[in-house]
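data-v6.pdb (PDB, C-alpha atoms and all ligand atoms)
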```
ATOM      1  CA  MET A   1     -68.691   3.854-103.138
ATOM      2  CA  THR A   2     -72.029   3.855-105.018
ATOM      3  CA  LEU A   3     -74.090   6.774-103.890
ATOM      4  CA  ASN A   4     -76.288   7.249-106.907
ATOM      5  CA  LYS A   5     -79.025   4.854-105.906
ATOM      6  CA  GLN A   6     -82.651   5.911-105.765
ATOM      7  CA  GLU A   7     -83.182   4.426-102.309
ATOM      8  CA  ASN A   8     -80.226   6.285-100.767
ATOM      9  CA  PRO A   9     -81.027   9.248 -98.486
ATOM     10  CA  ILE A  10     -80.813  12.989 -99.071
ATOM     11  CA  GLY A  11     -78.230  14.676 -96.843
ATOM     12  CA  ILE A  12     -79.061  18.105 -95.452
ATOM     13  CA  PHE A  13     -77.017  20.296 -93.130
ATOM     14  CA  ASP A  14     -77.106  23.612 -91.326
ATOM     15  CA  SER A  15     -75.550  25.129 -88.239
ATOM     16  CA  GLY A  16     -78.689  24.303 -86.239
ATOM     17  CA  ILE A  17     -82.461  24.142 -86.600
ATOM     18  CA  GLY A  18     -82.685  26.511 -89.610
ATOM     19  CA  GLY A  19     -82.141  23.753 -92.152
ATOM     20  CA  LEU A  20     -85.142  21.929 -90.694
ATOM     21  CA  THR A  21     -87.308  24.437 -92.593
ATOM     22  CA  ILE A  22     -85.740  23.049 -95.788
ATOM     23  CA  ALA A  23     -85.909  19.425 -94.559
ATOM     24  CA  ASN A  24     -89.591  19.905 -93.758
ATOM     25  CA  ALA A  25     -90.354  21.266 -97.235
ATOM     26  CA  ILE A  26     -88.420  18.345 -98.784
ATOM     27  CA  LYS A  27     -90.378  15.868 -96.662
ATOM     28  CA  LYS A  28     -93.681  17.365 -97.887
ATOM     29  CA  ARG A  29     -92.706  17.695-101.560
ATOM     30  CA  LEU A  30     -90.775  14.422-101.789
ATOM     31  CA  PRO A  31     -92.539  12.107 -99.309
ATOM     32  CA  ASN A  32     -90.739   8.947-100.526
ATOM     33  CA  GLU A  33     -87.323  10.274 -99.604
ATOM     34  CA  ARG A  34     -85.331   9.532 -96.481
ATOM     35  CA  ILE A  35     -83.441  12.426 -94.912
ATOM     36  CA  VAL A  36     -80.149  12.409 -93.029
ATOM     37  CA  TYR A  37     -79.797  15.762 -91.259
ATOM     38  CA  PHE A  38     -76.778  17.270 -89.550
ATOM     39  CA  GLY A  39     -77.076  20.335 -87.294
ATOM     40  CA  ASP A  40     -73.716  21.736 -86.236
ATOM     41  CA  THR A  41     -75.038  23.086 -82.949
ATOM     42  CA  GLU A  42     -71.550  23.087 -81.455
ATOM     43  CA  HIS A  43     -70.472  25.873 -83.840
ATOM     44  CA  LEU A  44     -73.647  27.906 -84.175
ATOM     45  CA  PRO A  45     -73.914  30.722 -85.237
ATOM     46  CA  TYR A  46     -71.976  30.193 -88.475
ATOM     47  CA  GLY A  47     -72.777  33.737 -89.544
ATOM     48  CA  GLU A  48     -70.249  35.117 -87.073
ATOM     49  CA  LYS A  49     -67.404  32.713 -87.914
ATOM     50  CA  SER A  50     -64.477  33.223 -90.280
ATOM     51  CA  ASN A  51     -64.709  31.839 -93.805
ATOM     52  CA  LYS A  52     -61.890  29.442 -92.949
ATOM     53  CA  ALA A  53     -63.771  28.025 -89.966
ATOM     54  CA  ILE A  54     -67.059  27.675 -91.911
ATOM     55  CA  ARG A  55     -65.221  25.846 -94.729
ATOM     56  CA  ASN A  56     -63.571  23.506 -92.277
ATOM     57  CA  TYR A  57     -66.870  22.604 -90.518
ATOM     58  CA  SER A  58     -68.718  22.188 -93.810
ATOM     59  CA  ASN A  59     -66.080  19.915 -95.334
ATOM     60  CA  LYS A  60     -66.238  17.592 -92.328
ATOM     61  CA  ILE A  61     -70.037  17.478 -92.448
ATOM     62  CA  ILE A  62     -70.076  16.813 -96.194
ATOM     63  CA  ASN A  63     -67.695  13.884 -95.668
ATOM     64  CA  PHE A  64     -69.919  12.583 -92.868
ATOM     65  CA  LEU A  65     -72.989  12.723 -95.154
ATOM     66  CA  ILE A  66     -71.064  10.991 -97.932
ATOM     67  CA  ALA A  67     -70.173   8.228 -95.448
ATOM     68  CA  LYS A  68     -73.920   7.934 -94.725
ATOM     69  CA  LYS A  69     -74.324   7.203 -98.463
ATOM     70  CA  CYS A  70     -76.369  10.310 -99.262
ATOM     71  CA  LYS A  71     -77.228  10.442-102.966
ATOM     72  CA  ILE A  72     -77.278  14.237-102.953
ATOM     73  CA  ILE A  73     -76.367  16.845-100.313
ATOM     74  CA  ILE A  74     -78.172  20.113 -99.672
ATOM     75  CA  ILE A  75     -76.279  22.901 -97.910
ATOM     76  CA  ALA A  76     -79.318  24.263 -96.071
ATOM     77  CA  CYS A  77     -77.340  27.164 -94.670
ATOM     78  CA  ASN A  78     -76.847  30.403 -96.581
ATOM     79  CA  SER A  79     -73.791  31.319 -94.513
ATOM     80  CA  ALA A  80     -71.994  28.072 -95.425
ATOM     81  CA  ALA A  81     -73.186  28.160 -99.043
ATOM     82  CA  SER A  82     -71.949  31.706 -99.528
ATOM     83  CA  VAL A  83     -68.391  30.956 -98.431
ATOM     84  CA  ILE A  84     -67.781  27.471 -99.852
ATOM     85  CA  GLU A  85     -69.473  28.045-103.197
ATOM     86  CA  ASN A  86     -66.387  27.535-105.322
ATOM     87  CA  GLU A  87     -64.934  24.661-103.385
ATOM     88  CA  ILE A  88     -67.792  22.197-103.493
ATOM     89  CA  ILE A  89     -67.079  21.470-107.137
ATOM     90  CA  THR A  90     -64.489  18.895-106.081
ATOM     91  CA  TYR A  91     -67.176  16.938-104.249
ATOM     92  CA  LYS A  92     -69.473  16.908-107.233
ATOM     93  CA  LYS A  93     -67.510  14.051-108.762
ATOM     94  CA  ILE A  94     -68.615  11.919-105.815
ATOM     95  CA  VAL A  95     -72.006  13.409-104.968
ATOM     96  CA  PRO A  96     -74.108  16.299-106.347
ATOM     97  CA  ILE A  97     -74.202  19.219-103.918
ATOM     98  CA  TYR A  98     -76.948  21.821-103.912
ATOM     99  CA  ASN A  99     -77.398  24.982-101.947
ATOM    100  CA  VAL A 100     -80.310  27.191-100.980
ATOM    101  CA  ILE A 101     -79.104  30.253-102.907
ATOM    102  CA  ARG A 102     -79.139  29.254-106.579
ATOM    103  CA  PRO A 103     -82.831  28.135-106.774
ATOM    104  CA  VAL A 104     -83.976  31.374-105.121
ATOM    105  CA  VAL A 105     -81.814  33.598-107.309
ATOM    106  CA  ASP A 106     -83.217  31.883-110.430
ATOM    107  CA  VAL A 107     -86.808  32.557-109.319
ATOM    108  CA  ILE A 108     -86.078  36.208-108.454
ATOM    109  CA  ALA A 109     -84.327  36.918-111.752
ATOM    110  CA  LYS A 110     -87.259  35.398-113.654
ATOM    111  CA  LYS A 111     -90.188  36.809-111.698
ATOM    112  CA  TYR A 112     -89.224  40.074-110.057
ATOM    113  CA  GLN A 113     -87.651  42.260-112.729
ATOM    114  CA  ASN A 114     -87.846  46.043-112.265
ATOM    115  CA  SER A 115     -88.379  45.780-108.538
ATOM    116  CA  ARG A 116     -86.612  46.289-105.214
ATOM    117  CA  VAL A 117     -85.753  42.964-103.620
ATOM    118  CA  GLY A 118     -84.377  43.321-100.069
ATOM    119  CA  VAL A 119     -82.158  40.577 -98.617
ATOM    120  CA  ILE A 120     -81.632  39.865 -94.914
ATOM    121  CA  GLY A 121     -79.173  37.274 -93.610
ATOM    122  CA  THR A 122     -76.194  36.676 -91.384
ATOM    123  CA  LYS A 123     -72.982  38.716 -91.502
ATOM    124  CA  ALA A 124     -71.278  35.948 -93.501
ATOM    125  CA  THR A 125     -74.021  35.824 -96.146
ATOM    126  CA  ILE A 126     -74.502  39.565 -96.510
ATOM    127  CA  GLY A 127     -70.734  40.195 -96.366
ATOM    128  CA  SER A 128     -70.204  37.799 -99.278
ATOM    129  CA  ASN A 129     -72.621  39.840-101.423
ATOM    130  CA  ILE A 130     -73.610  36.599-103.106
ATOM    131  CA  TYR A 131     -77.315  37.345-103.671
ATOM    132  CA  GLN A 132     -76.669  40.740-105.211
ATOM    133  CA  GLN A 133     -73.896  39.364-107.396
ATOM    134  CA  LYS A 134     -75.830  36.312-108.628
ATOM    135  CA  ILE A 135     -79.066  38.201-109.230
ATOM    136  CA  LEU A 136     -77.285  40.930-111.194
ATOM    137  CA  GLU A 137     -75.465  38.300-113.289
ATOM    138  CA  LEU A 138     -78.873  37.061-114.469
ATOM    139  CA  CYS A 139     -80.842  40.285-114.533
ATOM    140  CA  GLY A 140     -79.577  43.864-114.467
ATOM    141  CA  ASN A 141     -82.747  45.698-113.537
ATOM    142  CA  ILE A 142     -83.370  44.455-110.008
ATOM    143  CA  ASN A 143     -82.310  46.545-107.057
ATOM    144  CA  VAL A 144     -80.962  44.355-104.214
ATOM    145  CA  PRO A 145     -80.457  46.269-100.933
ATOM    146  CA  SER A 146     -78.994  43.879 -98.354
ATOM    147  CA  LEU A 147     -78.846  44.011 -94.569
ATOM    148  CA  ALA A 148     -77.100  41.806 -92.003
ATOM    149  CA  THR A 149     -79.423  40.857 -89.142
ATOM    150  CA  PRO A 150     -77.051  38.823 -86.938
ATOM    151  CA  LEU A 151     -79.167  38.566 -83.787
ATOM    152  CA  LEU A 152     -82.046  36.790 -85.498
ATOM    153  CA  ALA A 153     -80.580  33.280 -85.929
ATOM    154  CA  PRO A 154     -79.361  32.884 -82.299
ATOM    155  CA  MET A 155     -82.653  34.389 -81.098
ATOM    156  CA  ILE A 156     -84.661  31.813 -83.082
ATOM    157  CA  GLU A 157     -82.357  28.953 -82.088
ATOM    158  CA  GLU A 158     -83.045  29.861 -78.443
ATOM    159  CA  GLY A 159     -86.790  29.725 -79.066
ATOM    160  CA  PHE A 160     -87.449  33.489 -78.946
ATOM    161  CA  ILE A 161     -89.971  33.694 -81.747
ATOM    162  CA  LYS A 162     -93.078  35.366 -80.426
ATOM    163  CA  GLY A 163     -93.255  38.087 -77.803
ATOM    164  CA  ASP A 164     -92.004  41.593 -77.121
ATOM    165  CA  ILE A 165     -88.271  40.945 -77.157
ATOM    166  CA  SER A 166     -88.216  39.282 -80.548
ATOM    167  CA  GLN A 167     -90.694  41.761 -82.073
ATOM    168  CA  LYS A 168     -88.469  44.657 -80.905
ATOM    169  CA  ILE A 169     -85.350  43.126 -82.421
ATOM    170  CA  ILE A 170     -87.187  42.335 -85.665
ATOM    171  CA  SER A 171     -88.633  45.881 -85.885
ATOM    172  CA  ASN A 172     -85.276  47.437 -85.126
ATOM    173  CA  TYR A 173     -83.621  45.634 -88.044
ATOM    174  CA  LEU A 174     -86.461  45.944 -90.534
ATOM    175  CA  SER A 175     -86.940  49.670 -90.027
ATOM    176  CA  HIS A 176     -83.435  50.248 -91.423
ATOM    177  CA  ASN A 177     -83.315  52.803 -94.239
ATOM    178  CA  LYS A 178     -81.886  50.251 -96.659
ATOM    179  CA  LEU A 179     -85.159  48.326 -96.599
ATOM    180  CA  LYS A 180     -87.359  51.345 -97.367
ATOM    181  CA  ASN A 181     -89.746  50.829-100.286
ATOM    182  CA  ILE A 182     -88.827  47.218-100.980
ATOM    183  CA  ASN A 183     -91.366  45.112-102.890
ATOM    184  CA  HIS A 184     -89.981  41.715-101.879
ATOM    185  CA  LEU A 185     -87.795  40.438 -99.056
ATOM    186  CA  VAL A 186     -85.589  37.350 -99.288
ATOM    187  CA  LEU A 187     -85.191  35.452 -96.027
ATOM    188  CA  ALA A 188     -81.567  34.598 -96.793
ATOM    189  CA  CYS A 189     -81.085  32.558 -93.654
ATOM    190  CA  THR A 190     -82.847  29.242 -93.224
ATOM    191  CA  HIS A 191     -83.725  30.123 -89.620
ATOM    192  CA  TYR A 192     -85.872  33.086 -90.652
ATOM    193  CA  PRO A 193     -88.961  31.269 -92.018
ATOM    194  CA  LEU A 194     -89.658  30.482 -88.355
ATOM    195  CA  ILE A 195     -90.380  34.197 -87.818
ATOM    196  CA  GLU A 196     -91.976  34.797 -91.219
ATOM    197  CA  ARG A 197     -95.303  35.782 -89.670
ATOM    198  CA  GLU A 198     -93.636  38.368 -87.423
ATOM    199  CA  ILE A 199     -91.651  39.780 -90.362
ATOM    200  CA  SER A 200     -94.751  40.019 -92.521
ATOM    201  CA  LYS A 201     -96.590  41.709 -89.654
ATOM    202  CA  PHE A 202     -93.915  44.409 -89.497
ATOM    203  CA  PHE A 203     -94.577  45.266 -93.163
ATOM    204  CA  ASN A 204     -98.378  45.041 -92.647
ATOM    205  CA  GLY A 205     -98.435  42.277 -95.234
ATOM    206  CA  LYS A 206     -97.380  44.758 -97.952
ATOM    207  CA  VAL A 207     -94.034  43.176 -98.767
ATOM    208  CA  ASN A 208     -93.839  39.805-100.496
ATOM    209  CA  ILE A 209     -91.737  37.543 -98.251
ATOM    210  CA  ILE A 210     -89.603  35.042-100.167
ATOM    211  CA  ASP A 211     -89.090  31.896 -98.120
ATOM    212  CA  SER A 212     -86.595  29.623 -99.860
ATOM    213  CA  SER A 213     -87.855  26.290 -98.490
ATOM    214  CA  LYS A 214     -90.600  25.591-101.068
ATOM    215  CA  ILE A 215     -88.490  26.956-103.907
ATOM    216  CA  VAL A 216     -85.605  24.681-102.910
ATOM    217  CA  ALA A 217     -87.877  21.624-102.539
ATOM    218  CA  ASN A 218     -89.280  22.163-106.064
ATOM    219  CA  TYR A 219     -85.781  22.594-107.449
ATOM    220  CA  ILE A 220     -84.561  19.379-105.788
ATOM    221  CA  LEU A 221     -87.584  17.470-107.087
ATOM    222  CA  SER A 222     -86.784  18.406-110.674
ATOM    223  CA  GLU A 223     -83.062  17.681-110.195
ATOM    224  CA  LEU A 224     -83.794  14.198-108.827
ATOM    225  CA  GLN A 225     -86.188  13.584-111.706
ATOM    226  CA  ASN A 226     -83.557  14.663-114.232
ATOM    227  CA  LYS A 227     -80.917  12.482-112.630
ATOM    228  CA  LYS A 228     -83.357   9.550-112.274
ATOM    229  CA  LEU A 229     -82.617   9.521-108.556
ATOM    230  CA  LEU A 230     -86.153   9.871-107.170
ATOM    231  CA  SER A 231     -87.078   7.129-104.753
ATOM    232  CA  LYS A 232     -89.920   5.040-106.164
ATOM    233  CA  LYS A 233     -91.205   3.779-102.839
ATOM    234  CA  PRO A 234     -91.315   5.345 -99.362
ATOM    235  CA  GLN A 235     -87.995   5.019 -97.527
ATOM    236  CA  LYS A 236     -88.321   4.772 -93.772
ATOM    237  CA  GLY A 237     -86.412   6.445 -90.957
ATOM    238  CA  HIS A 238     -85.155  10.001 -91.146
ATOM    239  CA  HIS A 239     -81.980  10.432 -89.099
ATOM    240  CA  PHE A 240     -80.950  13.551 -87.239
ATOM    241  CA  TYR A 241     -77.441  14.229 -85.993
ATOM    242  CA  VAL A 242     -76.063  17.153 -84.020
ATOM    243  CA  SER A 243     -72.535  18.022 -82.930
ATOM    244  CA  ASN A 244     -73.849  19.076 -79.522
ATOM    245  CA  TYR A 245     -77.132  17.810 -78.114
ATOM    246  CA  THR A 246     -79.526  20.605 -77.213
ATOM    247  CA  TYR A 247     -83.022  20.287 -75.862
ATOM    248  CA  SER A 248     -84.265  23.060 -78.161
ATOM    249  CA  PHE A 249     -82.991  21.180 -81.220
ATOM    250  CA  GLU A 250     -84.811  18.024 -80.175
ATOM    251  CA  ASN A 251     -88.003  20.023 -79.606
ATOM    252  CA  SER A 252     -87.795  21.730 -82.978
ATOM    253  CA  THR A 253     -87.175  18.432 -84.718
ATOM    254  CA  LYS A 254     -90.272  16.975 -83.058
ATOM    255  CA  PHE A 255     -92.231  20.077 -84.065
ATOM    256  CA  PHE A 256     -91.366  19.560 -87.734
ATOM    257  CA  PHE A 257     -91.234  15.786 -87.907
ATOM    258  CA  GLU A 258     -94.001  15.020 -85.426
ATOM    259  CA  LYS A 259     -93.216  11.410 -84.563
ATOM    260  CA  THR A 260     -90.495  10.248 -82.239
ATOM    261  CA  ILE A 261     -87.266  11.149 -83.863
ATOM    262  CA  LYS A 262     -83.842   9.648 -83.531
ATOM    263  CA  LEU A 263     -81.465  12.419 -82.545
ATOM    264  CA  LYS A 264     -77.848  11.439 -82.115
ATOM    265  CA  GLU A 265     -74.876  13.447 -81.006
ATOM    266  CA  VAL A 266     -71.740  12.753 -83.035
ATOM    267  CA  LYS A 267     -68.263  14.145 -82.549
ATOM    268  CA  LEU A 268     -66.892  15.113 -85.951
ATOM    269  CA  PHE A 269     -64.473  17.762 -84.842
ATOM    270  CA  ASN A 270     -61.207  17.545 -82.921
ATOM    271  CA  HIS A 271     -60.540  20.816 -81.176
TER     272      HIS A 271
HETATM  273  N1  LIG B   1     -79.272  29.055 -90.922
HETATM  274  C1  LIG B   1     -78.023  29.618 -91.291
HETATM  275  C2  LIG B   1     -78.103  30.383 -92.611
HETATM  276  O1  LIG B   1     -78.940  30.098 -93.446
HETATM  277  C3  LIG B   1     -77.224  30.438 -90.358
HETATM  278  C4  LIG B   1     -77.446  30.719 -88.979
HETATM  279  C5  LIG B   1     -76.109  30.867 -88.284
HETATM  280  O2  LIG B   1     -75.593  29.829 -87.884
HETATM  281  O3  LIG B   1     -75.581  31.986 -88.198
HETATM  282  O4  LIG B   1     -77.307  31.263 -92.857
END
```
Let me see the structure of the file written as structure tokens.
Amino acid sequence: MTLNKQENPIGIFDSGIGGLTIANAIKKRLPNERIVYFGDTEHLPYGEKSNKAIRNYSNKIINFLIAKKCKIIIIACNSAASVIENEIITYKKIVPIYNVIRPVVDVIAKKYQNSRVGVIGTKATIGSNIYQQKILELCGNINVPSLATPLLAPMIEEGFIKGDISQKIISNYLSHNKLKNINHLVLACTHYPLIEREISKFFNGKVNIIDSSKIVANYILSELQNKKLLSKKPQKGHHFYVSNYTYSFENSTKFFFEKTIKLKEVKLFNH
């Protein structure tokens, strides 16, 4: 199968709507590209699942995106990226696979030396310790306190973004001792940029919030340039797939991609 064609789409996946923050940044930074998106809404939240289950879901989705002839695949889910990191190498012979962790770690190690960089994410991501480990491999003088904030992704997926309930949950997590005196905060879950304003408000705008979507889009642009895989002319028709149709997913997709979108439910998993 020839996947390395400039006109082929970029495959992106997440457990739900979180990866749309990455897809949206890709659409803006690389307007000629066509996106094939998969949201595994049937298994959300990934952050609470076992590593074995997350690997199994991710492998099936990667194979689906390969069948859709994606020229590269972006794992737009920190939880999945943190547990399948070492296994995706086998796929690289067929298709290059990128995640949302590496580009962010590179930027932090370069720009934020001698500082305290807090990380919030799901239980799977924080439990894997991947940010701390990768940042310290590149730069020894950054302090990386990390905190699991498991209610945030399901809350966002359900559309609880503004209002008292969400602000209380956000405040409860962010007032944790571990996050005292941080200079920067990594939103290590692709759902969290949707509550970036509320998070920033909690810190009175005094903490620099690191949203991975733009960083990842810039990284992908330079990778496609290097590999001579950038599409030269606009490719039409983004495609969105979910494992379980939800009204909130369709709404979020319309919010990001404005026009009428094609959302299809596909059954990839036999239970
Ligand atoms: N958006 C996903 C992430 O970046 C996870 C949300 C979830 O399914 O728990 O980790």
What does the PyMOL selection byres (((not hetatm)) within 6 of (chain B and resi 1)) select in this file, as JSON, numbers by chain?
{"A": [14, 15, 18, 44, 45, 46, 47, 77, 78, 79, 122, 153, 189, 190, 191]}
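If you count all atoms listed in the file and ignore residues fewer than 6 places along the chain from Lys134 (chain A), what sits within 10 Å of it is Ile101, Arg102, Val105, Asp106 and Ala109 of chain A.
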What gap, in Å, lies between CA of Gly118 (chain A) and CA of Leu138 (chain A)?
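Computing the Euclidean distance for CA of Gly118 (chain A) and CA of Leu138 (chain A) yields 16.6 Å.
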Contact table region 97-185 of chain A vs region 49-61 of chain A, cut-off 10 Å, shortest pair per residue, only C-alpha atoms, as a Markdown table:
```
| residue | atom | partner | partner_atom | distance |
| --- | --- | --- | --- | --- |
| A:Lys123 | CA | A:Lys49 | CA | 8.9 |
| A:Ala124 | CA | A:Lys49 | CA | 7.5 |
| A:Ser128 | CA | A:Asn51 | CA | 9.8 |
```
How far is it from CA of Phe160 (chain A) to CA of His43 (chain A), in Å with one decimal?
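Taking CA of Phe160 (chain A) as the start and CA of His43 (chain A) as the end point, the length is 19.2 Å.
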Can you work out which one of A:Tyr241, A:Tyr247, A:Tyr37, A:Tyr98 has the shortest atom-to-atom distance to Ile84 (chain A), counting all atoms listed in the file?
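For Ile84 (chain A), the nearest of the given residues is A:Tyr98.
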For this file, the PyMOL selection byres (((chain A and resi 6-8) around 6) and not hetatm) selects which residues, as a PyMOL selection string?
chain A and resi 5+9+70-71+229-231
Could you model N, CA and C atoms for region 117-135 of chain A and present them as a PDB file, in the coordinates of the input?
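Result went into selection-v7.pdb, see below:
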```
ATOM      1  N   VAL A 117     -85.715  44.224-104.372  1.00  0.00           N
ATOM      2  CA  VAL A 117     -85.753  42.964-103.620  1.00  0.00           C
ATOM      3  C   VAL A 117     -84.752  43.046-102.456  1.00  0.00           C
ATOM      4  N   GLY A 118     -85.248  43.256-101.241  1.00  0.00           N
ATOM      5  CA  GLY A 118     -84.377  43.321-100.069  1.00  0.00           C
ATOM      6  C   GLY A 118     -83.891  41.930 -99.686  1.00  0.00           C
ATOM      7  N   VAL A 119     -82.694  41.865 -99.075  1.00  0.00           N
ATOM      8  CA  VAL A 119     -82.158  40.577 -98.617  1.00  0.00           C
ATOM      9  C   VAL A 119     -81.715  40.744 -97.169  1.00  0.00           C
ATOM     10  N   ILE A 120     -82.159  39.863 -96.283  1.00  0.00           N
ATOM     11  CA  ILE A 120     -81.632  39.865 -94.914  1.00  0.00           C
ATOM     12  C   ILE A 120     -80.989  38.507 -94.634  1.00  0.00           C
ATOM     13  N   GLY A 121     -79.887  38.523 -93.907  1.00  0.00           N
ATOM     14  CA  GLY A 121     -79.173  37.274 -93.610  1.00  0.00           C
ATOM     15  C   GLY A 121     -78.112  37.529 -92.559  1.00  0.00           C
ATOM     16  N   THR A 122     -77.258  36.537 -92.389  1.00  0.00           N
ATOM     17  CA  THR A 122     -76.194  36.676 -91.384  1.00  0.00           C
ATOM     18  C   THR A 122     -75.075  37.578 -91.928  1.00  0.00           C
ATOM     19  N   LYS A 123     -74.117  37.892 -91.058  1.00  0.00           N
ATOM     20  CA  LYS A 123     -72.982  38.716 -91.502  1.00  0.00           C
ATOM     21  C   LYS A 123     -72.207  38.008 -92.613  1.00  0.00           C
ATOM     22  N   ALA A 124     -72.043  36.686 -92.487  1.00  0.00           N
ATOM     23  CA  ALA A 124     -71.278  35.948 -93.501  1.00  0.00           C
ATOM     24  C   ALA A 124     -71.969  36.035 -94.860  1.00  0.00           C
ATOM     25  N   THR A 125     -73.281  35.819 -94.872  1.00  0.00           N
ATOM     26  CA  THR A 125     -74.021  35.824 -96.146  1.00  0.00           C
ATOM     27  C   THR A 125     -74.039  37.218 -96.761  1.00  0.00           C
ATOM     28  N   ILE A 126     -74.385  38.203 -95.970  1.00  0.00           N
ATOM     29  CA  ILE A 126     -74.502  39.565 -96.510  1.00  0.00           C
ATOM     30  C   ILE A 126     -73.118  40.086 -96.903  1.00  0.00           C
ATOM     31  N   GLY A 127     -72.105  39.763 -96.070  1.00  0.00           N
ATOM     32  CA  GLY A 127     -70.734  40.195 -96.366  1.00  0.00           C
ATOM     33  C   GLY A 127     -70.222  39.609 -97.679  1.00  0.00           C
ATOM     34  N   SER A 128     -70.677  38.439 -98.039  1.00  0.00           N
ATOM     35  CA  SER A 128     -70.204  37.799 -99.278  1.00  0.00           C
ATOM     36  C   SER A 128     -70.831  38.444-100.514  1.00  0.00           C
ATOM     37  N   ASN A 129     -71.930  39.156-100.321  1.00  0.00           N
ATOM     38  CA  ASN A 129     -72.621  39.840-101.423  1.00  0.00           C
ATOM     39  C   ASN A 129     -73.174  38.884-102.480  1.00  0.00           C
ATOM     40  N   ILE A 130     -73.314  37.630-102.096  1.00  0.00           N
ATOM     41  CA  ILE A 130     -73.610  36.599-103.106  1.00  0.00           C
ATOM     42  C   ILE A 130     -74.965  36.785-103.796  1.00  0.00           C
ATOM     43  N   TYR A 131     -75.987  37.192-103.051  1.00  0.00           N
ATOM     44  CA  TYR A 131     -77.315  37.345-103.671  1.00  0.00           C
ATOM     45  C   TYR A 131     -77.287  38.446-104.718  1.00  0.00           C
ATOM     46  N   GLN A 132     -76.734  39.607-104.304  1.00  0.00           N
ATOM     47  CA  GLN A 132     -76.669  40.740-105.211  1.00  0.00           C
ATOM     48  C   GLN A 132     -75.923  40.355-106.496  1.00  0.00           C
ATOM     49  N   GLN A 133     -74.751  39.759-106.275  1.00  0.00           N
ATOM     50  CA  GLN A 133     -73.896  39.364-107.396  1.00  0.00           C
ATOM     51  C   GLN A 133     -74.607  38.409-108.345  1.00  0.00           C
ATOM     52  N   LYS A 134     -75.189  37.345-107.794  1.00  0.00           N
ATOM     53  CA  LYS A 134     -75.830  36.312-108.628  1.00  0.00           C
ATOM     54  C   LYS A 134     -77.076  36.850-109.324  1.00  0.00           C
ATOM     55  N   ILE A 135     -77.850  37.667-108.609  1.00  0.00           N
ATOM     56  CA  ILE A 135     -79.066  38.201-109.230  1.00  0.00           C
ATOM     57  C   ILE A 135     -78.671  39.125-110.382  1.00  0.00           C
TER      58      ILE A 135
END
```
